[in-house]
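Below is one structure, written out as structure tokens; comments come after it.
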Amino acid sequence: MGGLRELAAPFVAVGPSGVAVRDRLKQLTAEDEHVLRLVGGHLGTVAARDLKARCAVGLDHDAEGWAARKRAVTAVSSSRWAGSITKATHDQWALARRGQLAHIQSLEAGVRMIAHRLSLPVGEKGNKHAPGGYASRREWHAKARRLHVLTDRLQAVRADWEAGRVRVVRGGKGLLNTRHHLDAAQLTGEEWRIRWQAERRFLQADGESGKRFGNETIRVTPDGEVSLKLPAPLAYLANAPHGRYVLASRVRFAHRGEQWADRIHANRAVAYRIHEDTTRARWYLTASWTNPVVRTVPLATVRAGGLVGVDTNADHLAAWRLDTHGNPVGAPRRFGYDLSGSAAHRDA
């Protein structure tokens with residue numbers, strides 16, 4: 001049959017490259033929230049300036065320029081915050097470049113398609129390999145105008161790409177545009193401002209293996225105590241030694257909590273991000289780390305000793321042994337379980 005996609009050859013899928021778990025910061029005091037907003041707002045301003053400097057350099061970026069930017073950020077924060085901010089800046093710039101390239105490819109595909117259909121007589125039928133001409137002169141004229149718009153847009157984006165110029169909005173372009181449509185979004189100006197400020201804060205720190213509990217900037221102890229290193233201009237807010245602020249809240253990661261605990265006990269790197277959900281008036285802490293690279297096994301090797309097919313159901317697992325050709329061997333097995341009761345019971 002024509003027009004159907006071909007099935008790819010079976011392969012062994014690679015596992016996830018990283019893990020992210022989240023817990024709510026409960027029982028924060030008014031002072032805690034005040035400090036988090038001050039620190040996040042200050043670092044967000046620093047991150048915005050660093051992103052502006054990175055975008056201004058464009059394709060001329062080098063290691064020396066990176067070091068100069070990091071020194072400038074360190075002067076108004078700390079060396080560890082500077083490392084997190086500059087790395088986040090580079091990731092955001094790289095993401096914008098990838099999005100820019102995808103936009104160029106999308107515009108090129110649209111221009112090619114419209115140009116092809118315009119070149120055909122009006123009303124010409126298409127086939128399964130290519131579309132035909134447009135149905136009417138009116139549609140043909142509208143698409144001709146559309147072609148000029150896309151061509152001009154493509155030239156502008158290509159010029160930005162060649163010059164290394166990207167357009168990034170800290171806080172999100174969608175939320176920025178919402179400012180002009182508050183009635184449609186059912187927001188007041190003050191509500192939008194609160195959401196905008198929350199999105200532009202910077203409260204994230206990459207982990208570092210070998211350091212205490214895997215992160216010196218935002219530290220979470222095994223018993224769930226959360227503390228963060230204050231930037232130099234806000235060091236007067238410290239309530240703990242060495243310029244640190246300890247939150248009143250305690251965290252406990254219900255999902256993958258044992259994996260997280262194993263990492264921090266071994267002082268392995270864990271990245272943290274603190275963010276505010278303004279809609280629900282809640283604060284959250286997200287922990288993330290990368291998994292070690294695991295070499296995949298060829299499918300033929302996996303099949304050599306047979307496989308087990310598993311079907312997950314609401315109250316049981318159904319398993320069936322398969323031979324090297326994927327055919328069931330013997331009788332299926334059923335493993336029942338009860339998910340009622342406490343969360344600890346369900347996790348077990």
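Please note that chains go A, B, ... in the order of the structure tokens, that every chain numbers its residues from 1, and that ligands are numbered from 1 in the order shown.
Residue neighbourhood of Ala48 in chain A, excluding near-sequence residues (fewer than 3 positions): Leu43, Gly44, Thr45, Leu51, Lys52, Ala53, Thr89, Arg170 and Arg200 of chain A, at 9 Å, using only C-alpha atoms.
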Dump of N, CA, C and O atoms for the selected residues, as a PDB file, in the first residue's frame:
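Below is the file result.pdb, written as the result:
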ATOM      1  N   LEU A  43      19.400  38.833  41.583  1.00  0.00           N
ATOM      2  CA  LEU A  43      20.104  37.954  40.651  1.00  0.00           C
ATOM      3  C   LEU A  43      19.448  37.952  39.282  1.00  0.00           C
ATOM      4  O   LEU A  43      20.119  37.782  38.257  1.00  0.00           O
ATOM      5  N   GLY A  44      18.124  38.137  39.223  1.00  0.00           N
ATOM      6  CA  GLY A  44      17.450  38.237  37.932  1.00  0.00           C
ATOM      7  C   GLY A  44      17.909  39.452  37.151  1.00  0.00           C
ATOM      8  O   GLY A  44      18.098  39.386  35.924  1.00  0.00           O
ATOM      9  N   THR A  45      18.106  40.570  37.843  1.00  0.00           N
ATOM     10  CA  THR A  45      18.629  41.765  37.176  1.00  0.00           C
ATOM     11  C   THR A  45      20.039  41.528  36.659  1.00  0.00           C
ATOM     12  O   THR A  45      20.385  41.920  35.539  1.00  0.00           O
ATOM     13  N   LEU A  51      22.855  38.451  30.056  1.00  0.00           N
ATOM     14  CA  LEU A  51      22.289  37.979  28.795  1.00  0.00           C
ATOM     15  C   LEU A  51      22.381  39.052  27.719  1.00  0.00           C
ATOM     16  O   LEU A  51      22.670  38.759  26.551  1.00  0.00           O
ATOM     17  N   LYS A  52      22.167  40.306  28.104  1.00  0.00           N
ATOM     18  CA  LYS A  52      22.295  41.405  27.144  1.00  0.00           C
ATOM     19  C   LYS A  52      23.724  41.491  26.617  1.00  0.00           C
ATOM     20  O   LYS A  52      23.950  41.669  25.416  1.00  0.00           O
ATOM     21  N   ALA A  53      24.702  41.341  27.536  1.00  0.00           N
ATOM     22  CA  ALA A  53      26.100  41.392  27.114  1.00  0.00           C
ATOM     23  C   ALA A  53      26.446  40.231  26.194  1.00  0.00           C
ATOM     24  O   ALA A  53      27.165  40.399  25.200  1.00  0.00           O
ATOM     25  N   THR A  89      22.990  31.755  30.967  1.00  0.00           N
ATOM     26  CA  THR A  89      22.993  32.683  29.828  1.00  0.00           C
ATOM     27  C   THR A  89      23.397  31.980  28.548  1.00  0.00           C
ATOM     28  O   THR A  89      22.766  32.153  27.500  1.00  0.00           O
ATOM     29  N   ARG A 170      13.505  37.546  28.704  1.00  0.00           N
ATOM     30  CA  ARG A 170      13.533  36.905  30.022  1.00  0.00           C
ATOM     31  C   ARG A 170      12.168  37.082  30.673  1.00  0.00           C
ATOM     32  O   ARG A 170      11.709  38.194  30.904  1.00  0.00           O
ATOM     33  N   ARG A 200      10.943  36.396  36.071  1.00  0.00           N
ATOM     34  CA  ARG A 200      12.253  36.968  35.757  1.00  0.00           C
ATOM     35  C   ARG A 200      13.270  36.795  36.900  1.00  0.00           C
ATOM     36  O   ARG A 200      14.425  37.178  36.734  1.00  0.00           O
TER      37      ARG A 200
END
Practice prompt. Might you pull out every residue within 8 Å of range 282-298 of chain A, with only C-alpha atoms counted and same-chain residues fewer than 4 positions away left off, and present them as a PyMOL selection string?
Written response: chain A and resi 11-26+269-278+302
Distance query Ala94 in chain A at most 12 Å, only C-alpha atoms, self and fewer than 4 positions along chain excluded, as a list of chain:residue names: A:Leu51, A:Arg54, A:Cys55, A:Gly58, A:Leu59, A:Lys87, A:Ala88, A:Thr89, A:His90, A:Arg98, A:Gly99, A:Gln100, A:Leu101, A:Gly164, A:Arg165, A:Val166, A:Arg167, A:Val168
Point to revise | Exercise: His265 in chain A partners within 10 Å, only C-alpha atoms, chain neighbours under 6 positions left out, as number ranges by chain | key: A: 212-214, 221-222
Quiz item: Any idea what's packed within 8 Å of range 65-70 of chain A, counting only C-alpha atoms, ignoring anything in its chain fewer than 5 positions away? Could you give it as a ChimeraX atom specification?
Solution: /A:50,53,79,82-83,86
- request: Write out as a ChimeraX atom specification all residues of range 16-238 of chain A that DSSP puts in alpha helix (DSSP H) for this structure's backbone.
  value: /A:30-57,63-75,79-118,137-163,173-178,182-185,189-200
note - CA of Ala185 in chain A and CA of Ala102 in chain A are separated by 28.8 Å
Q: Mind the document's chain letters and residue numbers, and return as a PyMOL selection string the residues of range 215-348 of chain A that DSSP labels strand (DSSP E or B).
A: chain A and resi 218-220+225-229+240+244-250+271-277+282-290+307-312+316-322+328-336
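For the residues A:Val35, A:Val46, A:Met113, A:Ala314, ranking by smallest atom-to-atom distance to Val73 in chain A using only C-alpha atoms places A:Val46 first.
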Considering only C-alpha atoms, return as a JSON list (two decimals) with N, CA, C and O atoms, in the first residue's frame whatever protein or nucleic-acid residues lie within 9 Å of range 334-342 of chain A, sequence-local ones (same chain, fewer than 6 positions apart) excluded.
[["chain", "number", "residue", "atom", "x", "y", "z"],
["A", 314, "ALA", "N", -4.27, -1.53, 36.38],
["A", 314, "ALA", "CA", -4.64, -0.75, 37.57],
["A", 314, "ALA", "C", -4.32, -1.48, 38.86],
["A", 314, "ALA", "O", -3.93, -0.86, 39.84],
["A", 315, "ASP", "N", -4.47, -2.79, 38.89],
["A", 315, "ASP", "CA", -4.27, -3.53, 40.13],
["A", 315, "ASP", "C", -3.37, -4.74, 39.99],
["A", 315, "ASP", "O", -3.26, -5.55, 40.91],
["A", 316, "HIS", "N", -2.72, -4.92, 38.84],
["A", 316, "HIS", "CA", -1.82, -6.06, 38.69],
["A", 316, "HIS", "C", -0.89, -5.84, 37.49],
["A", 316, "HIS", "O", -1.13, -4.98, 36.64],
["A", 317, "LEU", "N", 0.16, -6.62, 37.48],
["A", 317, "LEU", "CA", 1.07, -6.70, 36.34],
["A", 317, "LEU", "C", 0.86, -8.03, 35.66],
["A", 317, "LEU", "O", 0.78, -9.07, 36.31],
["A", 318, "ALA", "N", 0.77, -7.99, 34.32],
["A", 318, "ALA", "CA", 0.66, -9.22, 33.54],
["A", 318, "ALA", "C", 1.98, -9.42, 32.80],
["A", 318, "ALA", "O", 2.44, -8.52, 32.10],
["A", 319, "ALA", "N", 2.60, -10.57, 32.97],
["A", 319, "ALA", "CA", 3.91, -10.84, 32.37],
["A", 319, "ALA", "C", 3.86, -12.15, 31.59],
["A", 319, "ALA", "O", 3.16, -13.10, 31.98],
["A", 320, "TRP", "N", 4.60, -12.20, 30.49],
["A", 320, "TRP", "CA", 4.65, -13.38, 29.65],
["A", 320, "TRP", "C", 6.06, -13.50, 29.09],
["A", 320, "TRP", "O", 6.59, -12.54, 28.52]]
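Proximity of A:Leu7, A:Leu150, A:Ala30, A:Ala205 to Ile85 in chain A, computed with only C-alpha atoms, is greatest for A:Ala205.
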- Query: Hey, what's within 9 Å of Gly132 in chain A if we count only C-alpha atoms and toss same-chain stuff fewer than 3 positions away? As a VMD selection string, please?
  - Reply: chain A and resid 116 to 117 120 to 127 135
Keeping N, CA and C atoms for every residue in the selection just given, could you write it to a file as an mmCIF file, in the first residue's frame?
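File written: result_5.cif
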data_model
loop_
_atom_site.group_PDB
_atom_site.id
_atom_site.type_symbol
_atom_site.label_atom_id
_atom_site.label_comp_id
_atom_site.auth_asym_id
_atom_site.auth_seq_id
_atom_site.Cartn_x
_atom_site.Cartn_y
_atom_site.Cartn_z
ATOM 1 N N HIS A 116 5.630 26.304 -5.232
ATOM 2 C CA HIS A 116 5.296 25.154 -6.089
ATOM 3 C C HIS A 116 3.831 25.184 -6.509
ATOM 4 N N ARG A 117 2.942 25.433 -5.583
ATOM 5 C CA ARG A 117 1.514 25.424 -5.906
ATOM 6 C C ARG A 117 1.127 26.615 -6.767
ATOM 7 N N LEU A 120 1.609 25.993 -10.550
ATOM 8 C CA LEU A 120 0.681 25.097 -11.238
ATOM 9 C C LEU A 120 -0.571 25.843 -11.670
ATOM 10 N N PRO A 121 -1.243 25.368 -12.710
ATOM 11 C CA PRO A 121 -2.501 26.006 -13.131
ATOM 12 C C PRO A 121 -3.549 25.932 -12.025
ATOM 13 N N VAL A 122 -4.398 26.939 -11.979
ATOM 14 C CA VAL A 122 -5.466 26.975 -10.980
ATOM 15 C C VAL A 122 -6.395 25.775 -11.170
ATOM 16 N N GLY A 123 -6.680 25.073 -10.083
ATOM 17 C CA GLY A 123 -7.594 23.945 -10.134
ATOM 18 C C GLY A 123 -6.954 22.625 -10.505
ATOM 19 N N GLU A 124 -5.650 22.605 -10.783
ATOM 20 C CA GLU A 124 -5.001 21.333 -11.153
ATOM 21 C C GLU A 124 -4.981 20.388 -9.956
ATOM 22 N N LYS A 125 -5.316 19.146 -10.199
ATOM 23 C CA LYS A 125 -5.371 18.150 -9.145
ATOM 24 C C LYS A 125 -3.968 17.721 -8.722
ATOM 25 N N GLY A 126 -3.844 17.403 -7.466
ATOM 26 C CA GLY A 126 -2.592 16.883 -6.962
ATOM 27 C C GLY A 126 -2.585 15.371 -6.942
ATOM 28 N N ASN A 127 -1.514 14.788 -6.430
ATOM 29 C CA ASN A 127 -1.407 13.341 -6.279
ATOM 30 C C ASN A 127 -0.832 13.034 -4.905
ATOM 31 N N ALA A 135 -7.308 26.186 -5.592
ATOM 32 C CA ALA A 135 -8.641 25.882 -6.108
ATOM 33 C C ALA A 135 -9.248 27.022 -6.904
#
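Here CA of Pro233 in chain A and CA of Glu31 in chain A stand 17.5 Å from one another.
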